[in-house]
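Presented below is the structure to which this report refers.
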Amino acid sequence: MRGGAAVRGGSQGAAGETTHMWWTRSAARSGLIVLAALTMAMMASRDGLAQSPLYSISKDYTNVRFSWSNLGLSRQSARIMAVDGSVEFDPNTPEASRVDVTMNTASLWTGIPSFDVLLKSSDFFDATRQPTIRFRSTGVRRMGDRTGELMGDLTIMGITNPVTLYVVWNFTGEHPLAAVNPNYKGIFVSGFSATGVLRRSDWGLTRGVPLVSDEIEVTIETELIRQ
């Protein structure tokens, strides 16, 4: 009897252990499934934020200008004429915006041919060996209903540094001319103004400092066309 009891006890113990192991493994599998589901949900949420409407830059209505103090006598300026890139933007989720812009250094223009040659030379932007300037956003901080800060990495002369632009959102919607010109029907646009201050020496552009100011003011006006 004792032996039988011992056998019965042992059998129940084995069954209990088997049940416990099955439950533990099932719980582990369930936990993995839940974890996977949560991960997929987070990725979907993240991707949902990333899938803002995509815009291309209107080259005819985009102006990238920078200015500097010349000997303390006046502020002079130059413009980058060739600008291309894309922007993801949704007014409801501006924090999810993304910006990727490329500018052609050979398109630098001051209106004075000798200055243009100097700016494109190896003493400044070295347009032959460094043909592009690139800005790629890293984040957006909303400040007001129509204002925010756009953070990103700016690459000039092969050197990349973080910069921050103060941005004003001017408009998003069907093109304003659609009301008077049917050619603009169904064309959706956005418009922005941006400003920032840089130190050119951060990118190795040191010639003339401090007679020609190290501090550079950047002003951007752009219109975007939704794809």
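In the structure tokens, chains take the letters A, B, ... in the order shown, each chain's residues start at 1, and ligands count up from 1 in the order shown.
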Problem set entry | Test item: residues at most 10 Å from A:Phe125, only C-alpha atoms, excluding those fewer than 6 positions along its chain, as an NGL selection string | :A and (105-106 or 108 or 118-119 or 131-133 or 156-157 or 203-205)
Problem set entry | stretch 168-173 of chain A environment, 9 Å, only C-alpha atoms, sequence neighbours closer than 2 positions dropped, as a list in words | Asp90, Pro91, Asp145, Arg146, Thr147, Gly148, Glu149, Tyr166, His175, Pro176, Ile187, Phe188, Val189, Ser190, Gly191, Phe192, Ser193, Ala194 and Thr195 of chain A
Write out as a PDB file with N, CA and C atoms, in the first residue's frame each polymer residue whose atoms come within 12 Å of stretch 207-216 of chain A, counting only C-alpha atoms; drop sequence neighbours fewer than 4 positions from it.
```
ATOM      1  N   ARG A  65      19.024  82.119 -48.992  1.00  0.00           N
ATOM      2  CA  ARG A  65      19.923  83.267 -49.001  1.00  0.00           C
ATOM      3  C   ARG A  65      20.702  83.320 -47.679  1.00  0.00           C
ATOM      4  N   PHE A  66      21.977  83.707 -47.763  1.00  0.00           N
ATOM      5  CA  PHE A  66      22.754  83.903 -46.535  1.00  0.00           C
ATOM      6  C   PHE A  66      23.476  85.242 -46.615  1.00  0.00           C
ATOM      7  N   SER A  67      23.625  85.864 -45.453  1.00  0.00           N
ATOM      8  CA  SER A  67      24.228  87.199 -45.424  1.00  0.00           C
ATOM      9  C   SER A  67      25.275  87.294 -44.316  1.00  0.00           C
ATOM     10  N   TRP A  68      26.153  88.292 -44.461  1.00  0.00           N
ATOM     11  CA  TRP A  68      27.245  88.465 -43.513  1.00  0.00           C
ATOM     12  C   TRP A  68      27.589  89.947 -43.398  1.00  0.00           C
ATOM     13  N   SER A  69      28.287  90.276 -42.323  1.00  0.00           N
ATOM     14  CA  SER A  69      28.749  91.650 -42.133  1.00  0.00           C
ATOM     15  C   SER A  69      30.069  91.834 -42.871  1.00  0.00           C
ATOM     16  N   ASN A  70      30.121  92.857 -43.720  1.00  0.00           N
ATOM     17  CA  ASN A  70      31.324  93.143 -44.491  1.00  0.00           C
ATOM     18  C   ASN A  70      32.056  94.329 -43.883  1.00  0.00           C
ATOM     19  N   LEU A  71      33.112  94.032 -43.109  1.00  0.00           N
ATOM     20  CA  LEU A  71      33.967  95.055 -42.504  1.00  0.00           C
ATOM     21  C   LEU A  71      33.221  95.962 -41.533  1.00  0.00           C
ATOM     22  N   GLY A  72      32.038  95.547 -41.130  1.00  0.00           N
ATOM     23  CA  GLY A  72      31.234  96.385 -40.254  1.00  0.00           C
ATOM     24  C   GLY A  72      30.572  97.539 -40.988  1.00  0.00           C
ATOM     25  N   LEU A  73      30.704  97.581 -42.316  1.00  0.00           N
ATOM     26  CA  LEU A  73      30.150  98.673 -43.117  1.00  0.00           C
ATOM     27  C   LEU A  73      28.737  98.380 -43.602  1.00  0.00           C
ATOM     28  N   SER A  74      28.477  97.131 -43.922  1.00  0.00           N
ATOM     29  CA  SER A  74      27.178  96.772 -44.497  1.00  0.00           C
ATOM     30  C   SER A  74      26.990  95.260 -44.387  1.00  0.00           C
ATOM     31  N   ARG A  75      25.777  94.810 -44.674  1.00  0.00           N
ATOM     32  CA  ARG A  75      25.517  93.376 -44.783  1.00  0.00           C
ATOM     33  C   ARG A  75      25.387  93.032 -46.262  1.00  0.00           C
ATOM     34  N   GLN A  76      26.182  92.080 -46.681  1.00  0.00           N
ATOM     35  CA  GLN A  76      26.145  91.586 -48.048  1.00  0.00           C
ATOM     36  C   GLN A  76      25.526  90.186 -48.037  1.00  0.00           C
ATOM     37  N   SER A  77      25.074  89.751 -49.206  1.00  0.00           N
ATOM     38  CA  SER A  77      24.374  88.463 -49.228  1.00  0.00           C
ATOM     39  C   SER A  77      24.664  87.692 -50.503  1.00  0.00           C
ATOM     40  N   ALA A  78      24.400  86.402 -50.436  1.00  0.00           N
ATOM     41  CA  ALA A  78      24.516  85.516 -51.590  1.00  0.00           C
ATOM     42  C   ALA A  78      23.314  84.588 -51.589  1.00  0.00           C
ATOM     43  N   LEU A 118      35.039  83.934 -56.393  1.00  0.00           N
ATOM     44  CA  LEU A 118      35.720  83.769 -55.113  1.00  0.00           C
ATOM     45  C   LEU A 118      34.992  82.768 -54.220  1.00  0.00           C
ATOM     46  N   LEU A 119      33.668  82.889 -54.120  1.00  0.00           N
ATOM     47  CA  LEU A 119      32.895  81.983 -53.253  1.00  0.00           C
ATOM     48  C   LEU A 119      32.992  80.531 -53.712  1.00  0.00           C
ATOM     49  N   SER A 121      35.563  79.211 -55.214  1.00  0.00           N
ATOM     50  CA  SER A 121      36.960  78.777 -55.244  1.00  0.00           C
ATOM     51  C   SER A 121      37.295  77.909 -54.039  1.00  0.00           C
ATOM     52  N   SER A 122      38.512  77.355 -54.048  1.00  0.00           N
ATOM     53  CA  SER A 122      38.957  76.487 -52.950  1.00  0.00           C
ATOM     54  C   SER A 122      39.144  77.265 -51.652  1.00  0.00           C
ATOM     55  N   ASP A 123      39.163  78.597 -51.723  1.00  0.00           N
ATOM     56  CA  ASP A 123      39.277  79.406 -50.514  1.00  0.00           C
ATOM     57  C   ASP A 123      37.968  79.433 -49.724  1.00  0.00           C
ATOM     58  N   PHE A 124      36.863  79.100 -50.406  1.00  0.00           N
ATOM     59  CA  PHE A 124      35.570  79.086 -49.724  1.00  0.00           C
ATOM     60  C   PHE A 124      34.869  77.739 -49.947  1.00  0.00           C
ATOM     61  N   PHE A 125      33.888  77.689 -50.835  1.00  0.00           N
ATOM     62  CA  PHE A 125      33.049  76.486 -50.943  1.00  0.00           C
ATOM     63  C   PHE A 125      33.637  75.391 -51.835  1.00  0.00           C
ATOM     64  N   THR A 195      14.483  80.797 -40.750  1.00  0.00           N
ATOM     65  CA  THR A 195      15.684  81.592 -40.498  1.00  0.00           C
ATOM     66  C   THR A 195      16.610  80.822 -39.558  1.00  0.00           C
ATOM     67  N   GLY A 196      17.884  81.170 -39.610  1.00  0.00           N
ATOM     68  CA  GLY A 196      18.849  80.543 -38.716  1.00  0.00           C
ATOM     69  C   GLY A 196      20.145  81.332 -38.706  1.00  0.00           C
ATOM     70  N   VAL A 197      20.982  81.052 -37.734  1.00  0.00           N
ATOM     71  CA  VAL A 197      22.290  81.704 -37.618  1.00  0.00           C
ATOM     72  C   VAL A 197      23.356  80.617 -37.494  1.00  0.00           C
ATOM     73  N   LEU A 198      24.396  80.717 -38.327  1.00  0.00           N
ATOM     74  CA  LEU A 198      25.476  79.732 -38.335  1.00  0.00           C
ATOM     75  C   LEU A 198      26.812  80.435 -38.129  1.00  0.00           C
ATOM     76  N   ARG A 199      27.809  79.650 -37.761  1.00  0.00           N
ATOM     77  CA  ARG A 199      29.187  80.141 -37.760  1.00  0.00           C
ATOM     78  C   ARG A 199      29.925  79.406 -38.864  1.00  0.00           C
ATOM     79  N   ARG A 200      30.369  80.135 -39.886  1.00  0.00           N
ATOM     80  CA  ARG A 200      30.969  79.471 -41.040  1.00  0.00           C
ATOM     81  C   ARG A 200      32.260  78.737 -40.691  1.00  0.00           C
ATOM     82  N   SER A 201      32.928  79.182 -39.640  1.00  0.00           N
ATOM     83  CA  SER A 201      34.166  78.519 -39.240  1.00  0.00           C
ATOM     84  C   SER A 201      33.929  77.080 -38.794  1.00  0.00           C
ATOM     85  N   ASP A 202      32.708  76.752 -38.377  1.00  0.00           N
ATOM     86  CA  ASP A 202      32.397  75.371 -37.996  1.00  0.00           C
ATOM     87  C   ASP A 202      32.544  74.415 -39.174  1.00  0.00           C
ATOM     88  N   TRP A 203      32.512  74.947 -40.377  1.00  0.00           N
ATOM     89  CA  TRP A 203      32.671  74.126 -41.581  1.00  0.00           C
ATOM     90  C   TRP A 203      33.992  74.424 -42.283  1.00  0.00           C
TER      91      TRP A 203
END
```
Exercise. If you measure from atom CA of A:Ile220 to atom CA of A:Leu154, what distance in Å do you get, rounded to one decimal?
Worked result: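 One can read the atom CA of A:Ile220 to atom CA of A:Leu154 distance as 14.4 Å.
Excluding A:Thr102 itself and same-chain residues fewer than 3 positions from it, the residues having an atom within 9 Å of it are Ala82, Val83, Asp84, Gly85, Thr132, Ile133, Arg134, Phe135 and Arg136 of chain A, counting only C-alpha atoms.
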Could those selected residues go to a file with N, CA and C atoms, as a PDB file, in the first residue's frame?
```
ATOM      1  N   ALA A  82      20.244  76.749 -57.134  1.00  0.00           N
ATOM      2  CA  ALA A  82      19.792  75.391 -57.453  1.00  0.00           C
ATOM      3  C   ALA A  82      19.548  74.607 -56.168  1.00  0.00           C
ATOM      4  N   VAL A  83      18.280  74.412 -55.846  1.00  0.00           N
ATOM      5  CA  VAL A  83      17.875  73.713 -54.621  1.00  0.00           C
ATOM      6  C   VAL A  83      16.904  72.604 -54.992  1.00  0.00           C
ATOM      7  N   ASP A  84      17.112  71.419 -54.449  1.00  0.00           N
ATOM      8  CA  ASP A  84      16.230  70.293 -54.744  1.00  0.00           C
ATOM      9  C   ASP A  84      16.056  69.461 -53.482  1.00  0.00           C
ATOM     10  N   GLY A  85      14.940  68.746 -53.398  1.00  0.00           N
ATOM     11  CA  GLY A  85      14.746  67.893 -52.232  1.00  0.00           C
ATOM     12  C   GLY A  85      13.299  67.548 -51.994  1.00  0.00           C
ATOM     13  N   THR A 132      28.089  69.826 -53.582  1.00  0.00           N
ATOM     14  CA  THR A 132      26.765  69.921 -52.954  1.00  0.00           C
ATOM     15  C   THR A 132      26.847  70.308 -51.480  1.00  0.00           C
ATOM     16  N   ILE A 133      25.786  70.950 -51.048  1.00  0.00           N
ATOM     17  CA  ILE A 133      25.512  71.205 -49.636  1.00  0.00           C
ATOM     18  C   ILE A 133      24.228  70.445 -49.322  1.00  0.00           C
ATOM     19  N   ARG A 134      24.196  69.748 -48.198  1.00  0.00           N
ATOM     20  CA  ARG A 134      23.013  68.929 -47.896  1.00  0.00           C
ATOM     21  C   ARG A 134      22.516  69.182 -46.481  1.00  0.00           C
ATOM     22  N   PHE A 135      21.192  69.256 -46.379  1.00  0.00           N
ATOM     23  CA  PHE A 135      20.548  69.358 -45.068  1.00  0.00           C
ATOM     24  C   PHE A 135      19.582  68.198 -44.913  1.00  0.00           C
ATOM     25  N   ARG A 136      19.711  67.464 -43.794  1.00  0.00           N
ATOM     26  CA  ARG A 136      18.799  66.359 -43.480  1.00  0.00           C
ATOM     27  C   ARG A 136      18.283  66.565 -42.059  1.00  0.00           C
TER      28      ARG A 136
END
```
Can I get the residues of stretch 68-98 of chain A within 6 Å of stretch 54-57 of chain A, each with the closest pair of atoms and their distance in Å to one decimal, using only C-alpha atoms, sorted chain first then ascending number, as CSV?
```
residue,atom,partner,partner_atom,distance
A:Gly85,CA,A:Ile57,CA,5.9
A:Ser86,CA,A:Ser56,CA,4.6
A:Val87,CA,A:Tyr55,CA,5.1
A:Glu88,CA,A:Leu54,CA,4.6
```
